[in-house]
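Working notes for the structure below.
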Amino acid sequence: MKLNKLFLMACGISFMAISSANAFETKADNAILMDFDTGEYLFTKNHEEMIAPASMSKLMTVYVLLSKINEGEISLDDKFLVSEKAWRKGGAASGGSTMFLKIGQEVSVEDLIKGIVIQSGNDACIVVAENIAGSEEEFAELLNETAEKLGLENAHFENATGLPHPEHKISVEDLAKLARHIIKDFPDFYHFFKQKEFTYNGIKQGNRNPLLYTLKGADGLKTGHTSEAGYCLTGSVVRGDRRLIQVVAGLESNKERFEETESLMTWGFANYDNYKFFNRNQILAEVPVWYGATKNVDAVVEKDVVKTLKKSKRNKYTAKVIYNTPLKAPVYKGDKIGEVIISYKDKVVDKYPLVAKDSVAKMGAFSRFVENIKYFLFSAE
């Protein structure tokens, strides 16, 4: 078969690879800035390194809890019992972040979600772990199973809280992916993350996420701090129809954490935007079909092709459609018949499959005979 190439100029479009995106500088030891819609990285720094996540790892505890609600195994109104272990290890006597639960108290699942997300309660996390899995150790196994299902390759959990453990580690990249999953998978519950205060047992506590109070569009997710992890934050900000997710870790103070996260978010919105190459099912070519009941089949992309691009270089990219011609019937709807190649200065940066929009049946025997006659008569040209 002959290779046919159709060039399409993609005006106003560009794409930046991770390696060339790091024009921003941060004091954080580890950092990542991700576009929510495309999943592309605007900035990275030691993003694959497994680190102590402190209370940011509670995002995985919340993910498992919300999954159980979505699956119908538990409800927001269900009551979980507070054990002595949960009180002793995570309660007021522990000196860590707490919801101030009491031994033998029955607490609603909804209040426990708020206690984890808003108050960062270690006691709330242990109560959730024990009531779902029987023990915190068994719950950690569930956390690791869930992480594997979500494709988090640099994550390992030993507890439900993020309290220090030499093997309890995760990368900021996986935390960003986890945050994206929470926002996508649980839209009915995500509002808890932007609630600024919660009162339980007569004690009011404010949300520890500093972005919620000063940064326009901030709506989550979770802070963390231990002596090993430093000051950390997994954050989300929405402006217009765009959302960015960031994770920073290893900062030296709460003030530095706020300044670095605000600066990174501001830089991301100022320098990058999302640009659409093609619409889902947009016809990019008509491909001839040999022995087909119809002479051509429309070639389309299966989904919207949207890229997160640096604004200053969006005009420098081209898109090229490549397909084999002619195709041989039968062709079935959804068959891959080519690909769309995105290039920058002749360097390929991405590829997308080109598929048949409809099926094309094989023509009958007599029609094929006629086509063969035509081919032998006119192919000498």
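Naming works like this for the structure tokens: A, B, ... for the chains as they're shown, residue 1 at the start of each chain, ligands 1 onward in shown order.
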All residues 8 Å or closer to range 77-90 of chain A, only C-alpha atoms, same chain fewer than 5 positions away omitted, as JSON, numbers by chain: {"A": [96, 97, 98, 101, 102, 103, 104, 105, 106, 107, 108, 109, 110, 121, 122, 123, 124, 126, 127, 128, 131]}
Nearby residues (only C-alpha atoms) at most 10 Å from Val300 in chain A, same-chain spacing under 3 positions excluded, as a list of chain:residue names: A:Phe278, A:Asn279, A:Arg280, A:Asn281, A:Gln282, A:Ile283, A:Leu284, A:Ala285, A:Glu286, A:Val297, A:Lys303, A:Gly334, A:Lys336, A:Ile337, A:Gly338, A:Glu339, A:Val340, A:Pro353, A:Leu354, A:Val355, A:Ala356, A:Lys357, A:Asp358
Given the selection you just returned, output its residues as a file containing N, CA and C atoms, formatted as a PDB file, in the first residue's frame.
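As a result, selection.pdb now contains:
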```pdb
ATOM      1  N   PHE A 278      -8.134  19.301  17.854  1.00  0.00           N
ATOM      2  CA  PHE A 278      -9.239  18.756  17.074  1.00  0.00           C
ATOM      3  C   PHE A 278     -10.376  18.361  18.000  1.00  0.00           C
ATOM      4  N   ASN A 279     -11.585  18.379  17.454  1.00  0.00           N
ATOM      5  CA  ASN A 279     -12.758  17.924  18.181  1.00  0.00           C
ATOM      6  C   ASN A 279     -12.957  16.422  17.996  1.00  0.00           C
ATOM      7  N   ARG A 280     -13.567  15.807  18.982  1.00  0.00           N
ATOM      8  CA  ARG A 280     -13.929  14.392  18.877  1.00  0.00           C
ATOM      9  C   ARG A 280     -14.800  14.184  17.637  1.00  0.00           C
ATOM     10  N   ASN A 281     -14.497  13.155  16.867  1.00  0.00           N
ATOM     11  CA  ASN A 281     -15.207  12.787  15.639  1.00  0.00           C
ATOM     12  C   ASN A 281     -15.063  13.815  14.521  1.00  0.00           C
ATOM     13  N   GLN A 282     -14.130  14.745  14.646  1.00  0.00           N
ATOM     14  CA  GLN A 282     -13.856  15.677  13.551  1.00  0.00           C
ATOM     15  C   GLN A 282     -13.222  14.914  12.386  1.00  0.00           C
ATOM     16  N   ILE A 283     -13.762  15.116  11.183  1.00  0.00           N
ATOM     17  CA  ILE A 283     -13.249  14.424  10.001  1.00  0.00           C
ATOM     18  C   ILE A 283     -11.962  15.095   9.548  1.00  0.00           C
ATOM     19  N   LEU A 284     -10.877  14.337   9.552  1.00  0.00           N
ATOM     20  CA  LEU A 284      -9.565  14.874   9.187  1.00  0.00           C
ATOM     21  C   LEU A 284      -9.108  14.409   7.810  1.00  0.00           C
ATOM     22  N   ALA A 285      -9.738  13.383   7.278  1.00  0.00           N
ATOM     23  CA  ALA A 285      -9.372  12.912   5.946  1.00  0.00           C
ATOM     24  C   ALA A 285     -10.448  11.961   5.437  1.00  0.00           C
ATOM     25  N   GLU A 286     -10.527  11.823   4.105  1.00  0.00           N
ATOM     26  CA  GLU A 286     -11.344  10.790   3.461  1.00  0.00           C
ATOM     27  C   GLU A 286     -10.387   9.779   2.853  1.00  0.00           C
ATOM     28  N   VAL A 297     -13.831   6.207   3.360  1.00  0.00           N
ATOM     29  CA  VAL A 297     -14.272   6.210   4.746  1.00  0.00           C
ATOM     30  C   VAL A 297     -13.685   7.438   5.432  1.00  0.00           C
ATOM     31  N   LYS A 303     -11.397  11.269  20.419  1.00  0.00           N
ATOM     32  CA  LYS A 303     -11.695  12.179  21.518  1.00  0.00           C
ATOM     33  C   LYS A 303     -11.146  13.554  21.191  1.00  0.00           C
ATOM     34  N   GLY A 334     -14.296   2.334  14.051  1.00  0.00           N
ATOM     35  CA  GLY A 334     -13.345   2.334  15.157  1.00  0.00           C
ATOM     36  C   GLY A 334     -12.011   1.701  14.838  1.00  0.00           C
ATOM     37  N   LYS A 336      -8.341   1.376  13.644  1.00  0.00           N
ATOM     38  CA  LYS A 336      -7.269   2.344  13.477  1.00  0.00           C
ATOM     39  C   LYS A 336      -6.801   2.313  12.029  1.00  0.00           C
ATOM     40  N   ILE A 337      -6.843   3.461  11.369  1.00  0.00           N
ATOM     41  CA  ILE A 337      -6.455   3.527   9.956  1.00  0.00           C
ATOM     42  C   ILE A 337      -5.344   4.558   9.708  1.00  0.00           C
ATOM     43  N   GLY A 338      -4.816   5.120  10.764  1.00  0.00           N
ATOM     44  CA  GLY A 338      -3.737   6.093  10.630  1.00  0.00           C
ATOM     45  C   GLY A 338      -3.461   6.731  11.977  1.00  0.00           C
ATOM     46  N   GLU A 339      -2.809   7.872  11.939  1.00  0.00           N
ATOM     47  CA  GLU A 339      -2.548   8.593  13.180  1.00  0.00           C
ATOM     48  C   GLU A 339      -2.328  10.077  12.911  1.00  0.00           C
ATOM     49  N   VAL A 340      -2.564  10.855  13.969  1.00  0.00           N
ATOM     50  CA  VAL A 340      -2.285  12.286  13.944  1.00  0.00           C
ATOM     51  C   VAL A 340      -0.991  12.500  14.718  1.00  0.00           C
ATOM     52  N   PRO A 353      -4.382   8.144  17.665  1.00  0.00           N
ATOM     53  CA  PRO A 353      -4.901   7.259  16.621  1.00  0.00           C
ATOM     54  C   PRO A 353      -5.963   7.935  15.769  1.00  0.00           C
ATOM     55  N   LEU A 354      -5.953   7.617  14.489  1.00  0.00           N
ATOM     56  CA  LEU A 354      -6.959   8.051  13.532  1.00  0.00           C
ATOM     57  C   LEU A 354      -7.805   6.823  13.225  1.00  0.00           C
ATOM     58  N   VAL A 355      -9.123   6.915  13.398  1.00  0.00           N
ATOM     59  CA  VAL A 355      -9.970   5.734  13.263  1.00  0.00           C
ATOM     60  C   VAL A 355     -11.066   5.956  12.226  1.00  0.00           C
ATOM     61  N   ALA A 356     -11.640   4.837  11.767  1.00  0.00           N
ATOM     62  CA  ALA A 356     -12.735   4.901  10.805  1.00  0.00           C
ATOM     63  C   ALA A 356     -14.010   5.368  11.497  1.00  0.00           C
ATOM     64  N   LYS A 357     -14.664   6.363  10.929  1.00  0.00           N
ATOM     65  CA  LYS A 357     -15.895   6.904  11.518  1.00  0.00           C
ATOM     66  C   LYS A 357     -17.051   5.928  11.359  1.00  0.00           C
ATOM     67  N   ASP A 358     -17.071   5.184  10.246  1.00  0.00           N
ATOM     68  CA  ASP A 358     -18.144   4.231   9.972  1.00  0.00           C
ATOM     69  C   ASP A 358     -17.549   2.948   9.404  1.00  0.00           C
TER      70      ASP A 358
END
```
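Closest approach to Leu233 in chain A among A:Glu158, A:Phe198, A:Asn46, A:Met56: A:Met56, based on only C-alpha atoms.
For the set A:Cys125, A:Leu152, A:Ala133, A:Ala92, the residue with the smallest atom-to-atom gap to Leu178 in chain A is A:Leu152, counting only C-alpha atoms.
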Contact check, range 49-95 of chain A to range 206-226 of chain A, at most 8 Å, counting only C-alpha atoms, closest pairs as a tab-separated table:
```
residue	atom	partner	partner_atom	distance
A:Pro53	CA	A:Gly224	CA	6.9
A:Ala54	CA	A:Gly224	CA	5.0
A:Ser55	CA	A:Gly224	CA	4.3
A:Met56	CA	A:Gly224	CA	5.2
A:Leu59	CA	A:Lys222	CA	7.3
```
Give me the range 94-182 of chain A side of the contact with range 241-247 of chain A, cut-off 10 Å, one line per residue showing its nearest atom pair and distance in Å at one decimal, counting only C-alpha atoms, sorted by chain and residue number, as a Markdown table.
```
| residue | atom | partner | partner_atom | distance |
| --- | --- | --- | --- | --- |
| A:Ser171 | CA | A:Val247 | CA | 9.5 |
| A:Val172 | CA | A:Val247 | CA | 5.7 |
| A:Glu173 | CA | A:Val247 | CA | 7.7 |
| A:Asp174 | CA | A:Val247 | CA | 9.5 |
| A:Leu175 | CA | A:Val247 | CA | 7.0 |
| A:Ala176 | CA | A:Val247 | CA | 6.2 |
| A:Lys177 | CA | A:Ile245 | CA | 8.9 |
| A:Ala179 | CA | A:Ile245 | CA | 7.5 |
| A:Arg180 | CA | A:Ile245 | CA | 7.5 |
```
Go ahead and dump the residues you just picked, N, CA and C atoms, as a PDB file, in the first residue's frame.
```pdb
ATOM      1  N   SER A 171       5.438   9.769  46.124  1.00  0.00           N
ATOM      2  CA  SER A 171       6.006  10.879  45.361  1.00  0.00           C
ATOM      3  C   SER A 171       4.983  12.003  45.227  1.00  0.00           C
ATOM      4  N   VAL A 172       5.467  13.222  44.980  1.00  0.00           N
ATOM      5  CA  VAL A 172       4.538  14.332  44.760  1.00  0.00           C
ATOM      6  C   VAL A 172       3.775  14.123  43.457  1.00  0.00           C
ATOM      7  N   GLU A 173       4.362  13.408  42.500  1.00  0.00           N
ATOM      8  CA  GLU A 173       3.651  13.084  41.264  1.00  0.00           C
ATOM      9  C   GLU A 173       2.420  12.234  41.563  1.00  0.00           C
ATOM     10  N   ASP A 174       2.590  11.205  42.394  1.00  0.00           N
ATOM     11  CA  ASP A 174       1.455  10.337  42.721  1.00  0.00           C
ATOM     12  C   ASP A 174       0.413  11.067  43.565  1.00  0.00           C
ATOM     13  N   LEU A 175       0.853  11.991  44.412  1.00  0.00           N
ATOM     14  CA  LEU A 175      -0.114  12.790  45.170  1.00  0.00           C
ATOM     15  C   LEU A 175      -0.947  13.670  44.244  1.00  0.00           C
ATOM     16  N   ALA A 176      -0.316  14.223  43.214  1.00  0.00           N
ATOM     17  CA  ALA A 176      -1.069  15.029  42.243  1.00  0.00           C
ATOM     18  C   ALA A 176      -2.062  14.162  41.483  1.00  0.00           C
ATOM     19  N   LYS A 177      -1.639  12.965  41.089  1.00  0.00           N
ATOM     20  CA  LYS A 177      -2.549  12.042  40.409  1.00  0.00           C
ATOM     21  C   LYS A 177      -3.710  11.654  41.326  1.00  0.00           C
ATOM     22  N   ALA A 179      -4.945  13.415  43.836  1.00  0.00           N
ATOM     23  CA  ALA A 179      -5.831  14.577  43.949  1.00  0.00           C
ATOM     24  C   ALA A 179      -6.743  14.677  42.737  1.00  0.00           C
ATOM     25  N   ARG A 180      -6.182  14.439  41.554  1.00  0.00           N
ATOM     26  CA  ARG A 180      -6.977  14.487  40.329  1.00  0.00           C
ATOM     27  C   ARG A 180      -8.083  13.430  40.357  1.00  0.00           C
TER      28      ARG A 180
END
```
Neighbour list for Lys311 in chain A as a ChimeraX atom specification, cut-off 7 Å, only C-alpha atoms, skip fewer than 2 positions in-chain: /A:271-273,309,313-314
